[in-house]
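Peer 1: Let me begin by handing over the structure; questions about it come next.
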Amino acid sequence: MDESANISISGMSCTACSGRIERVLNSKEGITSAVVNFASEKATVIYNPQTISVDNIIETIKKTGYDAAISTSKTVDTMSKNDEIGELKRLVIISAVLSTPLLLGMIFEFLRHPILQLCLATPIQFYIGFRFYKNAYHSIRSLAPNMDVLVSMGTTASYFFSVYNGFIKVGGHGHDLYFESSAVIITLVLLGKLFETIAKGKTSDAIKKLMGLGAKTASIVVNDKEIEIPIEDVIKGHQIIVRPGEKIPVDGLIISGSSTVDESMITGESIPVEKNIGDNVIGASINKHGSFIMTAQRVGSETMLAQIIKVVEQAQGSKAPIQRTADIAAGVFVPFVLVIAGITFLIWTYVIGNMTMGLIAAVSVLVIACPCALGLATPTAIMVGTGMGAENGILIKNGSSLERACKLDTIVLDKTGTITKGEPIVTDVIIFGDYDRNQLLSLAGGAESSSEHPLGRAVFEYAKIEVGEIAKPDSFMAIPGNGVKAVINGKDIVIGSQKMFKVIGSDILSVLDRLTAEGKTAMLISVDEAIIGVIGLADTVKSESKAAVEEMLRMGLKVIMLTGDNLRAANTIARQVGIEEVIAEVMPDHKADKINELKSQGYIVAMAGDGINDAPALASADIGISLGTGTDIAIESGDIVLIKGDLNGIVEAIRLSRATMKVIKQNLFWAFIYNIIGIPFAALGLLNPMIAGGLMATSSISVVSNSLRLRRVQLKKKHEGSALKLLQRDSSL
């Protein structure tokens, strides 16, 4: 069976590098697929461990000229990134110090001496600029020239032309030196790379925040003593004490005490949730008030936080279809620029007759061209977009899903557990015999006390709250699909559907018809074969469903309910939330057929369900949206997972998709326009090489900065009175 590995890669200078590594990896036997993300500096490799090992994969990457290591800890990655930033700062400072006298030489004649300039420029060219030569060598050897080739060729031409003019050419003098051009270009490119590295780091801030959410220690109970241990040492079954203000260490179940818990860092829901004995708690959420003891159920990589981080990392390492355009352009970009630079030099030298100007123009062409901007346009936006989604309880599995979500025109919603709570509650208690309400509920609750059916449990829980004292059954028997029979205090009790009863009076039938018309389930109860009452139950609509559906309609989306429930019940729920089109009485295995019918009619369809029963339909839709509580099954199902199970998450996901795609298109537009305008200007001799180098460095920074603007996008809307107010996010570039 294939396995997946995340590998950190350092030393890539532009998207041509990531493309080259991809091609090499994908050509290796045993590798099913390899995707290299230039922005995140990660490779996601699907491989057969029987054929190739992770060590072999890493060695293959290193042979192409880059450093690589298995990505096991974000802390390690962060340390490596900080080391890279520190090294770049050191090189930029040295280069700037040495370049300053060269620049001043344009003003002060005494600084134009060839020997002085040579001494200042040489360490910049061959020590500071060594990284460009090294990367250029590896890229040329792999027949995949990259940005380093352009920079090294351009600066080398300026450097050796200056050496020729200052020391070899007869009659040469200080005014024919261009050492400052090569030195300043290297300085500016490195400065741009520094800013780019810092900005790229901000695009993964969300996942760093997620990594930092987890508790570092846990207080466990051993032999009635409390012991504090590292979080890594917690195992399933440990009993953990959690006090007010503490982070919950792992996922588990409360066995003693109660509290309110802030789960906003996981679900995006700002309102604390009440937790009591028997309730599940999520690791990394914050215990607000009470103390409790919990049993650890999911630890390490099994916790919800770990699964969320894994999904976000995979999404940030994926590629959106729109990136193919940039990849194709980047693949031919450097060879194209080399040709243009060569033509520029030849025309200036042999047609116009000015070799000096030809060299300056050719160098300007080489250094202004920037494949980095093209390579960063899509992945940086996807990294910010998927990170923002995770912060708001929206897990977007990959770049393709993020891109497709903006094109959706039809949203198909499952009813139970999606629009509704999925938990039936008692809505009506109607009495026909001599028993009063409490007596009826006591008998009904007693008869259902051993039932495992959701309706039976709902009756039992309701009776327990309303009456308190529940009659104990002497015997119990479940009739699958119909109801239960029990003996209580010597009396035969039957509770269930009308199929369980031979004779039903017209007055009772009219009540059953009314409850059915209201979309409710009716359960009859009899004592010694005499019907004494009817209990009505209904699945209730989630409080946020109506507003979410209304917002979808305002966004121009077609909203359809698809359910296996009967048409009357479905229409009742649909009316409550404002859905006009209902497809009811559809078996789970036929829901996918309905989705395919809609797709065949030209609709771009998202299916939203609980991620379990609706798995075939979720898979058939253009986008499968799983609403759940973050369980293993929910996270594995669907292209988008809404941790809260809130329909507003669909609206927020579409808004996020639209905003992300808008930014990607802006990035690609400016990256292409920059090169389309900049290269001709440089070829015409209208740009000084130093200015060209500065513009090249600026182009990458501007693309990343534009992607970071996504952090200001307002996904949620807040109702305040009758007015809609945008929920303000505390974020900045």
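Starting from 1 in every chain, residues are counted up; chains themselves are A, B, ... following the order of the structure tokens, and ligands are numbered from 1 as listed.
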At a cut-off of 8 Å, using only C-alpha atoms, what residues contact Ala538 (chain A)? Leave out same-chain residues fewer than 3 positions from it and give the result as a compact mmCIF listing (two decimals) with C-alpha atoms, in the first residue's frame.
Peer 2:
# COMPACT_ATOMS: atom_id res chain seq x y z
CA PRO A 424 -35.58 13.82 17.83
CA ILE A 425 -37.28 15.52 20.76
CA VAL A 426 -40.78 15.10 22.20
CA THR A 427 -43.08 17.86 20.94
CA GLY A 519 -43.75 16.45 9.80
CA LYS A 520 -43.71 14.71 13.15
CA THR A 521 -43.37 11.05 14.10
Peer 1: Just the residues within 8 Å of region 177-188 of chain A, please, counting only C-alpha atoms, with nothing from its chain fewer than 2 positions along; format it as an mmCIF file with N, CA and C atoms, in the first residue's frame.
Peer 2:
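The result, written out as result13.cif:
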data_model
loop_
_atom_site.group_PDB
_atom_site.id
_atom_site.type_symbol
_atom_site.label_atom_id
_atom_site.label_comp_id
_atom_site.auth_asym_id
_atom_site.auth_seq_id
_atom_site.Cartn_x
_atom_site.Cartn_y
_atom_site.Cartn_z
ATOM 1 N N VAL A 92 23.099 40.096 3.491
ATOM 2 C CA VAL A 92 22.622 41.396 3.006
ATOM 3 C C VAL A 92 23.421 42.527 3.649
ATOM 4 N N SER A 95 26.928 42.593 2.184
ATOM 5 C CA SER A 95 26.855 43.058 0.801
ATOM 6 C C SER A 95 26.562 44.549 0.728
ATOM 7 N N ALA A 96 25.682 45.031 1.607
ATOM 8 C CA ALA A 96 25.330 46.455 1.616
ATOM 9 C C ALA A 96 26.522 47.308 2.028
ATOM 10 N N SER A 99 28.870 47.381 -0.866
ATOM 11 C CA SER A 99 28.305 48.037 -2.056
ATOM 12 C C SER A 99 28.242 49.553 -1.909
ATOM 13 N N LEU A 102 30.929 51.542 -3.549
ATOM 14 C CA LEU A 102 30.807 51.436 -5.003
ATOM 15 C C LEU A 102 29.762 52.400 -5.533
ATOM 16 N N LEU A 103 28.659 52.527 -4.817
ATOM 17 C CA LEU A 103 27.622 53.482 -5.213
ATOM 18 C C LEU A 103 28.117 54.919 -5.072
ATOM 19 N N ARG A 112 36.459 55.722 -7.557
ATOM 20 C CA ARG A 112 36.312 55.036 -8.848
ATOM 21 C C ARG A 112 37.586 54.274 -9.240
ATOM 22 N N PRO A 114 40.030 51.508 -10.096
ATOM 23 C CA PRO A 114 39.724 50.114 -10.452
ATOM 24 C C PRO A 114 40.121 49.099 -9.382
ATOM 25 N N GLN A 117 37.694 49.288 -6.430
ATOM 26 C CA GLN A 117 36.386 48.747 -6.802
ATOM 27 C C GLN A 117 36.445 47.222 -6.959
ATOM 28 N N LEU A 118 37.547 46.733 -7.517
ATOM 29 C CA LEU A 118 37.700 45.290 -7.664
ATOM 30 C C LEU A 118 37.724 44.604 -6.292
ATOM 31 N N ALA A 121 34.105 44.661 -4.947
ATOM 32 C CA ALA A 121 33.101 43.913 -5.717
ATOM 33 C C ALA A 121 33.340 42.402 -5.701
ATOM 34 N N ILE A 124 31.622 40.318 -2.985
ATOM 35 C CA ILE A 124 30.175 40.323 -3.229
ATOM 36 C C ILE A 124 29.836 39.338 -4.336
ATOM 37 N N GLN A 125 30.636 39.383 -5.404
ATOM 38 C CA GLN A 125 30.339 38.562 -6.568
ATOM 39 C C GLN A 125 30.516 37.070 -6.281
ATOM 40 N N ILE A 128 29.319 36.423 -1.480
ATOM 41 C CA ILE A 128 27.893 36.695 -1.245
ATOM 42 C C ILE A 128 27.053 36.048 -2.346
ATOM 43 N N GLY A 129 27.545 36.140 -3.592
ATOM 44 C CA GLY A 129 26.776 35.633 -4.727
ATOM 45 C C GLY A 129 27.016 34.169 -5.046
ATOM 46 N N VAL A 151 20.381 35.747 -12.777
ATOM 47 C CA VAL A 151 21.123 36.656 -11.898
ATOM 48 C C VAL A 151 22.625 36.447 -12.047
ATOM 49 N N GLY A 154 23.812 37.763 -15.474
ATOM 50 C CA GLY A 154 23.777 39.226 -15.554
ATOM 51 C C GLY A 154 24.868 39.880 -14.737
ATOM 52 N N THR A 155 25.041 39.444 -13.496
ATOM 53 C CA THR A 155 26.058 40.058 -12.634
ATOM 54 C C THR A 155 27.472 39.696 -13.081
ATOM 55 N N THR A 156 27.642 38.457 -13.549
ATOM 56 C CA THR A 156 28.969 38.049 -14.034
ATOM 57 C C THR A 156 29.380 38.873 -15.245
ATOM 58 N N SER A 158 28.441 41.956 -15.953
ATOM 59 C CA SER A 158 28.815 43.295 -15.480
ATOM 60 C C SER A 158 30.189 43.277 -14.820
ATOM 61 N N TYR A 159 30.431 42.266 -13.999
ATOM 62 C CA TYR A 159 31.701 42.180 -13.258
ATOM 63 C C TYR A 159 32.887 42.053 -14.212
ATOM 64 N N PHE A 161 33.016 42.560 -17.452
ATOM 65 C CA PHE A 161 33.114 43.698 -18.365
ATOM 66 C C PHE A 161 33.869 44.838 -17.682
ATOM 67 N N SER A 162 33.624 44.999 -16.368
ATOM 68 C CA SER A 162 34.331 46.028 -15.604
ATOM 69 C C SER A 162 35.809 45.667 -15.461
ATOM 70 N N VAL A 163 36.092 44.385 -15.237
ATOM 71 C CA VAL A 163 37.491 43.933 -15.155
ATOM 72 C C VAL A 163 38.208 44.217 -16.481
ATOM 73 N N ASN A 165 37.401 46.480 -18.809
ATOM 74 C CA ASN A 165 37.571 47.917 -19.020
ATOM 75 C C ASN A 165 38.624 48.510 -18.089
ATOM 76 N N GLY A 166 38.708 48.001 -16.873
ATOM 77 C CA GLY A 166 39.623 48.616 -15.907
ATOM 78 C C GLY A 166 41.043 48.114 -15.976
ATOM 79 N N HIS A 173 39.176 53.479 -18.227
ATOM 80 C CA HIS A 173 39.274 54.340 -17.042
ATOM 81 C C HIS A 173 38.072 54.077 -16.137
ATOM 82 N N GLY A 174 38.047 54.741 -15.015
ATOM 83 C CA GLY A 174 37.033 54.500 -13.984
ATOM 84 C C GLY A 174 35.609 54.671 -14.449
ATOM 85 N N HIS A 175 35.386 55.510 -15.434
ATOM 86 C CA HIS A 175 34.005 55.746 -15.872
ATOM 87 C C HIS A 175 33.446 54.566 -16.664
ATOM 88 N N LEU A 190 19.216 39.735 -2.988
ATOM 89 C CA LEU A 190 19.255 39.087 -1.674
ATOM 90 C C LEU A 190 18.302 39.761 -0.696
ATOM 91 N N LEU A 191 18.237 41.094 -0.742
ATOM 92 C CA LEU A 191 17.310 41.817 0.122
ATOM 93 C C LEU A 191 15.868 41.428 -0.208
ATOM 94 N N GLY A 192 15.580 41.324 -1.506
ATOM 95 C CA GLY A 192 14.244 40.871 -1.920
ATOM 96 C C GLY A 192 13.962 39.460 -1.460
ATOM 97 N N VAL A 367 18.169 40.575 -15.307
ATOM 98 C CA VAL A 367 17.882 40.744 -13.878
ATOM 99 C C VAL A 367 16.469 41.257 -13.598
ATOM 100 N N PRO A 689 20.575 48.659 -14.890
ATOM 101 C CA PRO A 689 20.554 47.310 -14.308
ATOM 102 C C PRO A 689 20.247 47.283 -12.813
ATOM 103 N N MET A 690 20.723 48.293 -12.070
ATOM 104 C CA MET A 690 20.452 48.322 -10.633
ATOM 105 C C MET A 690 18.965 48.506 -10.358
ATOM 106 N N GLY A 693 17.218 45.281 -11.079
ATOM 107 C CA GLY A 693 17.360 44.331 -9.975
ATOM 108 C C GLY A 693 16.409 44.643 -8.832
ATOM 109 N N GLY A 694 16.262 45.933 -8.544
ATOM 110 C CA GLY A 694 15.331 46.328 -7.484
ATOM 111 C C GLY A 694 13.893 45.993 -7.825
ATOM 112 N N ALA A 697 13.261 42.252 -7.408
ATOM 113 C CA ALA A 697 13.067 41.878 -6.003
ATOM 114 C C ALA A 697 11.697 42.315 -5.506
#
Peer 1: Can you check which residues of region 298-492 of chain A DSSP gives as helix (DSSP H, G or I) on the backbone and send them as number ranges by chain?
Peer 2: A: 300-302, 304-316, 323-352, 355-368, 371-391, 399-405, 415-419, 437-447, 454-466
Peer 1: Would you kindly return, as a list of chain:residue names, each protein, DNA or RNA residue with an atom no farther than 8 Å from any atom of Leu194 (chain A), considering only C-alpha atoms and excluding same-chain residues fewer than 6 positions away?
Peer 2: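 Counting only the stated atoms, we get A:Ile85, A:Leu88, A:Lys89.
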Peer 1: Save out the residues we just selected, N, CA and C atoms, as a short mmCIF file (atom, residue, chain, number, x, y, z; two decimals), in the first residue's frame.
Peer 2:
data_model
loop_
_atom_site.label_atom_id
_atom_site.label_comp_id
_atom_site.auth_asym_id
_atom_site.auth_seq_id
_atom_site.Cartn_x
_atom_site.Cartn_y
_atom_site.Cartn_z
N ILE A 85 16.62 32.94 7.50
CA ILE A 85 16.43 34.39 7.58
C ILE A 85 17.66 35.05 8.19
N LEU A 88 20.47 35.10 5.60
CA LEU A 88 20.20 36.11 4.58
C LEU A 88 20.46 37.52 5.11
N LYS A 89 20.07 37.78 6.35
CA LYS A 89 20.32 39.09 6.95
C LYS A 89 21.82 39.38 7.01
#
Peer 1: A:Leu111, A:Asp224, A:Gly505, A:Ile525: which is nearest Ile430 (chain A), counting only C-alpha atoms?
Peer 2: A:Ile525
Peer 1: Nearest to Lys716 (chain A): which of A:Ala548, A:Ile21, A:Phe160, A:Lys644 is it, counting only C-alpha atoms?
Peer 2: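 Closest candidate: A:Ala548.
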Peer 1: Step one, run DSSP on the backbone; step two, keep only residues of region 307-486 of chain A assigned to strand (DSSP E or B); then write them as a PyMOL selection string.
Peer 2: chain A and resi 394-396+410-414+420-431+475-479+483-486
Peer 1: Smallest atom-to-atom distance to Ser285 (chain A): which of A:Thr44, A:Ser142, A:Ser264, A:Ser364, using only C-alpha atoms?
Peer 2: A:Ser264
